[in-house]
Amino acid sequence: MQNITYKSIFAAITISALVSSCKPKIDVPEPDKGSVDASKYVAIGNSITSGFADGALYYDGQMVSYPNLLAEQLKLIGGGDFVQPLTPAGSVGIGSSANAKLILGYKTDCKGVTGLSPVPAAANGDYSIFTTSIASQGPFNNMGVPGAKATTVVYPGYGNPANGFGNYNPFFTRMLAPSEYATASMLAKAAAQSPTFFSVFIGNNDVLGYALGGGTGDVITPSAGGPGVGFDASIDLIINTMTANGAKGVVGNIPDVTSIPYCTTVPYNGLTLDATQASQLSMAYSPLGISFSEGSNPFIIADPAAPGGMRKIKSTECVLLTTPQDSLKCAGWGSTKPIPDKYILTDTEISNIRTAVAAYNSKLQSVANAKGLAYVDVNAFMANAKTGIAYNGINISSTFVSGGAFSLDGIHLTPRGNALLANEFIKAINSTYGSTIPQVNVAKYDGVKFP
Amino acid sequence: MRNLHKLVATLIFAAPFAMSAQGYQVNLQGQVQQGMGGAGTALIQDGAALFYNPGGVSFLSGNTVNVGVSPTISKGIFLDKNTNETYHTTSPVSTPFAAYGAFELKDSSKLKLGLAIYTPFGSTVQWEDGWAGRYALTRLQLQAIFFQPTVSYKITDKIGLGAGFVYSNGKVNLQKDIPVVDNNGNVGHAELNGKANGFGFNAGIYYKPIDKFSVGLTYRSQVNMKVKSGDATFSVPSSLESNFPNGKFTASLPLPQVLTLGLAYMPTQKLSFALDINYVGWKAYDTLAFDYENNTTSLIDTKSARKYKNTFAFRLGGQYKITEGLAARLGIAYGISPVQNGYVTPETPDANRVIYTAGIGYTIKKKFGVNASFYFSQLKRTDTNLETNLSGTYKTNVFIPGLSLFYNF
């Protein structure tokens, strides 16, 4: 009996040894740091850098911010801890209008049709995020502050409540001790950490503020002017400060806002008419020389320069994602009433944006070249996303919701989008500094969550 | 929700050729032939000739029954080129079997009737949970059984002709994850399950002009395995259920035609050599089309380029009879992959391959016997798939020990 036991144990060992020796072995390349010293990495940026998503800054979004994902990969070449100004886990977060994050839910429109739509996760955002100082958890490697512009990065007192409502940034304030309010700038807080490696991805808001308000709410930061006023001088100050100790880094350029879902989701010709409606509208608009036909028609938009202050939207112009859908469906917006200018980016406005973005990007590239920094063409990456990117069998695009790259605000990225962006940074770093930092596995990160 | 189809763009009904570059003719047929690199078209030794060369069956003496199994142990690893992450297959051991029976109607008849039943593929490829290519494939299981009734006629003492009708019956189960997630983090999943069948034939001629030399030529036709009414089942967030309706699908998969030239040389009574050259018509596998009964904007019919090319395989084996009853065999084979660069997939991490085989056989009084075979091959292929962009190196070790019994009467 014992003999048999021994024999069967021996057989089992032999078989399992045989089977395990079948396992193929493969040489995994050792990541090479090249000339990157990643021991202290600091990221400067705006909402995208902060991990803002779905219209709010909230914990899950911060955890997948592209610099946090990048920092994880940098750990493979000796990178240190990456501290972020985290909001409480499970909180609904807070957005720039004190709103909660958006989630995908069911919404019944003015016609009684229920469908999937972004809806706020709560009536209000978690205001305690603004009122609770987390300075003691710092210093923060992630110096991404929602709303920051190139010009405000260098601005001392950017988080000072004493400036009065609207003149300070509460997302920055929470990162500061009260004693720092009057003097702290994002740049100073970043530089004080003596980073050995940095990323700068800033400038979106220097045009985005203008774009998000349909060209009405804000002005585009001019290229000229001193630090804090002009884009170029602000960037010079940021990069000179960050490289003063010989730190290496990576600079991201600015994507064209017209390539993101915020601008591409509502079709310009979303006015669908039957024959009767078309002829009635044609009659009503005949004094302005505007006619309609059965089927799809371009929306009517407000334009002070047009006869009667309104005209048909052009195919190259965009209706912003924030346009109230019920107003389009039931209140006659776009047909009997023009869509207000703040929901439209006209050709002129788009042209202004593109001119500014081109100038910014040329500045960013020349600074990166001059300092030998890695340069990420985020603009080209977003243009690719517009047509679609295949990643390990996932087709990712900038199509709203279903594309999987953009969060429910149509501007900021999903975890999956952030992972792709982090990889763009890694590719640029590797090619500039001779490193072989492995990329993030994008397939591990989700797109929009569905109910 | 428009364009959601991009997420599933291709619910690919992938190639079921699993770990076999040479597809269904991986030659897990006959332990005698497997021990000799899979060559046996011109060297007629036992009932496996029903598969290797129906023309040679008429040269077998008496009646014979032969049953064998070839447990296939396949271990794969994938190194993702972009992330340096590695993932393993967790494929279970599959057990292809083959049974052959050849009978003469009366003693020393020139005519032999036979039946071969075999599983030319019967493997499962399964990747570990959460692997990098989960949205391309998580699991592919194939089972097919071929029935081949065969007639073989010895025209002269030197020439035999034979042909068999092939009926195949099988099932396929393909699973992959769908890149949509619900609020609890559950990822979507698709399962395609279907029964398939097809028809074909296997014909051959055997010519033995002199004692020391023989030649064989066979043609196995293409068999189109058709799934006419498979079940597509989707597990997705509830808000997307109408986008992914469960329903029927149809698909078709060609198992390629194979033309084989075999040569055998028997310098002494004890020693013999066999060489087979296969020309395989993989070009038939150009596109994988997948037709869903219930189409939605998310679930569209797909056509996926495979663009396989026709290939060759070369098989060489030797056998030495140590005693009257005991035979030892060695073989080597080289198979050229039909999969072109840019088209390597996780269900067919295919590569040009060298196959090493060995075997041993023992016969008691020419009546009863046992044969064992052993097959080893290692595949390595680095590629970036043009459709999925899945990029990296696949390495697969294939071990196939086999055992068969025969009885002559």
# chains A, B, ... in the order shown; residues from 1 in each chain; ligands from 1
$ residues_around --residues "segment 317-330 of chain A" --least-positions-apart "6" --cutoff "6 Å" --atoms "only C-alpha atoms" --output "PyMOL selection string"
chain A and resi 110+262-263+266+343-347
$ interface_residues --of "chain B" --to "chain A" --cutoff "9 Å" --atoms "only C-alpha atoms" --output "compact mmCIF listing (two decimals) with C-alpha atoms, in the first residue's frame"
# COMPACT_ATOMS: atom_id res chain seq x y z
CA MET B 1 -25.04 55.32 -28.71
CA ARG B 2 -24.25 55.41 -32.35
CA ASN B 3 -20.86 54.06 -33.27
CA LEU B 4 -20.86 51.86 -30.23
CA HIS B 5 -20.19 49.18 -32.76
CA LYS B 6 -16.66 50.46 -32.80
CA LEU B 7 -16.33 48.97 -29.38
CA VAL B 8 -17.07 45.54 -30.65
CA ALA B 9 -15.99 46.29 -34.14
CA THR B 10 -15.09 42.77 -34.76
CA ILE B 73 -0.38 20.05 -23.71
CA SER B 74 0.04 23.56 -24.99
CA LYS B 75 1.60 26.28 -22.89
CA GLY B 76 1.66 29.79 -24.22
CA ILE B 77 3.02 33.10 -23.06
CA PHE B 78 2.58 36.58 -24.46
CA LEU B 79 4.99 39.43 -23.89
CA ASP B 80 3.27 42.73 -24.59
CA LYS B 81 5.78 44.81 -26.49
CA ASN B 82 4.39 48.10 -25.20
CA THR B 83 3.99 47.32 -21.52
CA ASN B 84 6.51 44.50 -20.94
CA GLU B 85 3.71 42.65 -19.19
CA THR B 86 3.52 38.90 -19.67
CA HIS B 88 0.05 32.97 -19.87
CA GLY B 130 -7.64 40.09 -17.43
CA TRP B 131 -4.93 39.49 -19.97
CA ALA B 132 -3.83 42.28 -22.31
CA GLY B 133 -5.73 40.89 -25.28
CA ARG B 134 -8.98 40.14 -23.45
CA TYR B 135 -10.91 42.30 -25.90
CA ALA B 136 -9.56 40.27 -28.79
CA LEU B 137 -10.06 36.81 -27.27
CA ILE B 178 -16.40 43.68 -24.64
CA PRO B 179 -14.85 46.97 -23.54
CA VAL B 180 -17.93 48.35 -21.82
CA VAL B 181 -18.20 48.51 -18.05
CA ASP B 182 -21.06 49.01 -15.63
CA ASN B 183 -21.08 51.05 -12.43
CA ASN B 184 -19.86 48.09 -10.43
CA GLY B 185 -16.89 47.56 -12.70
CA VAL B 187 -16.85 44.26 -17.94
CA PRO B 237 -24.54 46.70 -18.64
CA SER B 238 -28.36 46.68 -18.59
CA SER B 239 -28.60 49.99 -20.41
CA LEU B 240 -26.79 48.44 -23.36
CA GLN B 378 8.24 25.48 -29.81
CA ASN B 385 -1.89 42.77 -35.47
CA GLU B 387 -6.72 45.08 -36.81
CA THR B 388 -6.36 45.09 -33.03
CA ASN B 389 -2.86 46.58 -32.67
CA LEU B 390 -2.13 43.85 -30.15
CA SER B 391 1.64 43.87 -30.29
CA THR B 393 5.79 38.17 -28.76
CA TYR B 394 3.94 34.90 -28.47
CA LYS B 395 5.81 31.83 -27.41
CA THR B 396 4.16 28.45 -27.25
CA ASN B 397 5.47 25.09 -26.21
CA VAL B 398 3.52 22.12 -27.46
CA PHE B 399 3.99 18.70 -25.93
$ residues_around --residues "Lys101 of chain A" --least-positions-apart "5" --cutoff "6 Å" --atoms "only C-alpha atoms" --output "PyMOL selection string"
chain A and resi 54-56+92-93+120-121
$ residues_around --residues "Ser221 of chain B" --least-positions-apart "3" --cutoff "12 Å" --atoms "only C-alpha atoms" --output "list of chain:residue names"
B:Gln25, B:Ala163, B:Gly164, B:Phe165, B:Val166, B:Tyr167, B:Gly198, B:Phe199, B:Gly200, B:Phe201, B:Asn202, B:Ala203, B:Gly204, B:Thr218, B:Asn224, B:Pro254, B:Leu255, B:Pro256, B:Gln257, B:Val258, B:Leu259, B:Thr260, B:Tyr279, B:Val280, B:Gly281, B:Trp282, B:Ala284
$ write_last_selection --atoms "C-alpha atoms" --output "PDB file, in the first residue's frame"
ATOM      1  CA  GLN B  25      -3.667  18.379 -40.569  1.00  0.00           C
ATOM      2  CA  ALA B 163     -10.956   7.346 -51.483  1.00  0.00           C
ATOM      3  CA  GLY B 164     -12.966   8.315 -48.481  1.00  0.00           C
ATOM      4  CA  PHE B 165     -15.924  10.553 -47.934  1.00  0.00           C
ATOM      5  CA  VAL B 166     -15.512  12.940 -45.039  1.00  0.00           C
ATOM      6  CA  TYR B 167     -18.335  14.129 -42.856  1.00  0.00           C
ATOM      7  CA  GLY B 198     -19.067  20.118 -43.327  1.00  0.00           C
ATOM      8  CA  PHE B 199     -18.214  17.631 -46.034  1.00  0.00           C
ATOM      9  CA  GLY B 200     -15.183  16.661 -48.003  1.00  0.00           C
ATOM     10  CA  PHE B 201     -13.144  13.753 -49.232  1.00  0.00           C
ATOM     11  CA  ASN B 202      -9.756  12.163 -48.923  1.00  0.00           C
ATOM     12  CA  ALA B 203      -8.258  10.311 -51.871  1.00  0.00           C
ATOM     13  CA  GLY B 204      -4.895   8.793 -52.552  1.00  0.00           C
ATOM     14  CA  THR B 218      -2.968  12.149 -51.662  1.00  0.00           C
ATOM     15  CA  ASN B 224     -16.080  24.195 -45.079  1.00  0.00           C
ATOM     16  CA  PRO B 254     -12.598  26.701 -44.391  1.00  0.00           C
ATOM     17  CA  LEU B 255     -10.397  23.817 -43.408  1.00  0.00           C
ATOM     18  CA  PRO B 256      -7.945  23.845 -46.248  1.00  0.00           C
ATOM     19  CA  GLN B 257      -7.254  21.353 -48.983  1.00  0.00           C
ATOM     20  CA  VAL B 258      -3.985  19.488 -48.702  1.00  0.00           C
ATOM     21  CA  LEU B 259      -1.969  17.895 -51.454  1.00  0.00           C
ATOM     22  CA  THR B 260       0.695  15.516 -50.213  1.00  0.00           C
ATOM     23  CA  TYR B 279       1.044  21.710 -49.825  1.00  0.00           C
ATOM     24  CA  VAL B 280      -1.729  23.318 -47.847  1.00  0.00           C
ATOM     25  CA  GLY B 281      -4.386  25.551 -49.360  1.00  0.00           C
ATOM     26  CA  TRP B 282      -4.659  28.038 -46.537  1.00  0.00           C
ATOM     27  CA  ALA B 284      -8.985  29.817 -48.654  1.00  0.00           C
TER      28      ALA B 284
END
$ select_by_dssp --residues "segment 42-108 of chain B" --states "helix (DSSP H, G or I)" --output "VMD selection string"
chain B and resid 49 to 52 54 to 59
$ write_last_selection --atoms "N, CA and C atoms" --output "PDB file, in the first residue's frame"
ATOM      1  N   ALA B  49      -3.269   4.546 -42.232  1.00  0.00           N
ATOM      2  CA  ALA B  49      -3.216   4.806 -43.675  1.00  0.00           C
ATOM      3  C   ALA B  49      -4.560   5.326 -44.192  1.00  0.00           C
ATOM      4  N   LEU B  50      -5.626   5.024 -43.475  1.00  0.00           N
ATOM      5  CA  LEU B  50      -6.936   5.567 -43.879  1.00  0.00           C
ATOM      6  C   LEU B  50      -6.885   7.080 -43.962  1.00  0.00           C
ATOM      7  N   PHE B  51      -6.108   7.675 -43.059  1.00  0.00           N
ATOM      8  CA  PHE B  51      -5.943   9.118 -43.109  1.00  0.00           C
ATOM      9  C   PHE B  51      -4.807   9.497 -44.061  1.00  0.00           C
ATOM     10  N   TYR B  52      -3.666   8.849 -43.878  1.00  0.00           N
ATOM     11  CA  TYR B  52      -2.466   9.279 -44.597  1.00  0.00           C
ATOM     12  C   TYR B  52      -2.518   8.969 -46.086  1.00  0.00           C
ATOM     13  N   PRO B  54      -5.425   6.719 -48.376  1.00  0.00           N
ATOM     14  CA  PRO B  54      -6.453   5.691 -48.589  1.00  0.00           C
ATOM     15  C   PRO B  54      -6.038   4.684 -49.663  1.00  0.00           C
ATOM     16  N   GLY B  55      -5.173   5.109 -50.576  1.00  0.00           N
ATOM     17  CA  GLY B  55      -4.707   4.204 -51.627  1.00  0.00           C
ATOM     18  C   GLY B  55      -3.857   3.081 -51.088  1.00  0.00           C
ATOM     19  N   GLY B  56      -3.222   3.322 -49.936  1.00  0.00           N
ATOM     20  CA  GLY B  56      -2.346   2.304 -49.375  1.00  0.00           C
ATOM     21  C   GLY B  56      -3.052   1.326 -48.474  1.00  0.00           C
ATOM     22  N   VAL B  57      -4.292   1.630 -48.128  1.00  0.00           N
ATOM     23  CA  VAL B  57      -5.032   0.769 -47.194  1.00  0.00           C
ATOM     24  C   VAL B  57      -5.159  -0.647 -47.739  1.00  0.00           C
ATOM     25  N   SER B  58      -5.311  -0.744 -49.068  1.00  0.00           N
ATOM     26  CA  SER B  58      -5.487  -2.063 -49.688  1.00  0.00           C
ATOM     27  C   SER B  58      -4.235  -2.924 -49.561  1.00  0.00           C
ATOM     28  N   PHE B  59      -3.132  -2.300 -49.169  1.00  0.00           N
ATOM     29  CA  PHE B  59      -1.893  -3.062 -48.993  1.00  0.00           C
ATOM     30  C   PHE B  59      -1.713  -3.580 -47.575  1.00  0.00           C
TER      31      PHE B  59
END
$ residues_around --residues "segment 348-362 of chain A" --least-positions-apart "2" --cutoff "7 Å" --atoms "only C-alpha atoms" --output "list in words"
Val207, Gly215, Asn253, Ile254, Asp256, Leu345, Thr346, Leu364, Gln365 and Ser366 of chain A
$ write_last_selection --atoms "N, CA and C atoms" --output "tab-separated table (two decimals), in the first residue's frame"
chain	number	residue	atom	x	y	z
A	207	VAL	N	-7.02	79.13	-24.08
A	207	VAL	CA	-8.02	79.27	-25.15
A	207	VAL	C	-9.37	78.67	-24.77
A	215	GLY	N	-16.95	81.69	-27.16
A	215	GLY	CA	-16.26	82.91	-27.55
A	215	GLY	C	-16.79	84.14	-26.83
A	253	ASN	N	1.82	69.69	-25.86
A	253	ASN	CA	1.23	70.83	-26.56
A	253	ASN	C	-0.29	70.82	-26.42
A	254	ILE	N	-0.92	71.77	-27.07
A	254	ILE	CA	-2.34	72.05	-26.82
A	254	ILE	C	-3.18	71.46	-27.94
A	256	ASP	N	-6.43	70.93	-30.36
A	256	ASP	CA	-7.45	71.78	-31.00
A	256	ASP	C	-8.80	71.46	-30.36
A	345	LEU	N	-19.60	77.88	-31.45
A	345	LEU	CA	-18.30	78.37	-31.90
A	345	LEU	C	-18.42	78.63	-33.39
A	346	THR	N	-18.33	79.91	-33.73
A	346	THR	CA	-18.44	80.29	-35.14
A	346	THR	C	-17.09	80.12	-35.82
A	364	LEU	N	5.68	76.30	-27.48
A	364	LEU	CA	5.98	75.15	-26.62
A	364	LEU	C	7.05	74.26	-27.25
A	365	GLN	N	6.92	74.08	-28.57
A	365	GLN	CA	7.89	73.21	-29.23
A	365	GLN	C	9.28	73.84	-29.25
A	366	SER	N	9.32	75.15	-29.49
A	366	SER	CA	10.65	75.78	-29.56
A	366	SER	C	11.31	75.80	-28.19
$ closest_residue --among "B:Asn66, B:Ser404, B:Ser152, B:Ser108" --to "Asn53 of chain B" --atoms "only C-alpha atoms"
B:Ser152
$ residues_around --residues "Gly30 of chain B" --least-positions-apart "5" --cutoff "12 Å" --atoms "only C-alpha atoms" --output "PyMOL selection string"
chain B and resi 35-41+44-52+65-70+96-100+116-120+359+361+370-374+401-406
$ atom_distance --atom1 "atom CA of Asn46 of chain A" --atom2 "atom CA of Asp377 of chain A"
16.8 Å
$ residues_around --residues "segment 169-177 of chain B" --least-positions-apart "3" --cutoff "7 Å" --atoms "only C-alpha atoms" --output "list in words"
Phe13, Arg134, Tyr135, Ala136, Leu137, Thr138, Arg139, Leu140, Gln141, Leu142, Gln143, Ala144, Ile145, Phe146, Val187, Gly188, His189, Ala190, Glu191, Leu192, Asn193, Gly194, Lys195, Ala196, Asn197 and Gly198 of chain B
$ atom_distance --atom1 "atom CA of Gln193 of chain A" --atom2 "atom CA of His412 of chain A"
27.3 Å
$ atom_distance --atom1 "atom CA of Thr64 of chain B" --atom2 "atom CA of Asp276 of chain B"
23.7 Å
$ select_by_dssp --residues "segment 71-144 of chain B" --states "strand (DSSP E)" --output "JSON, numbers by chain"
{"B": [73, 74, 75, 76, 77, 78, 79, 80, 86, 87, 88, 97, 98, 99, 100, 101, 102, 103, 104, 111, 112, 113, 114, 115, 116, 117, 118, 124, 125, 126, 139, 140, 141, 142, 143, 144]}
$ closest_residue --among "A:Leu102, A:Met175, A:Ile313, A:Leu57" --to "Gly270 of chain A" --atoms "only C-alpha atoms"
A:Ile313
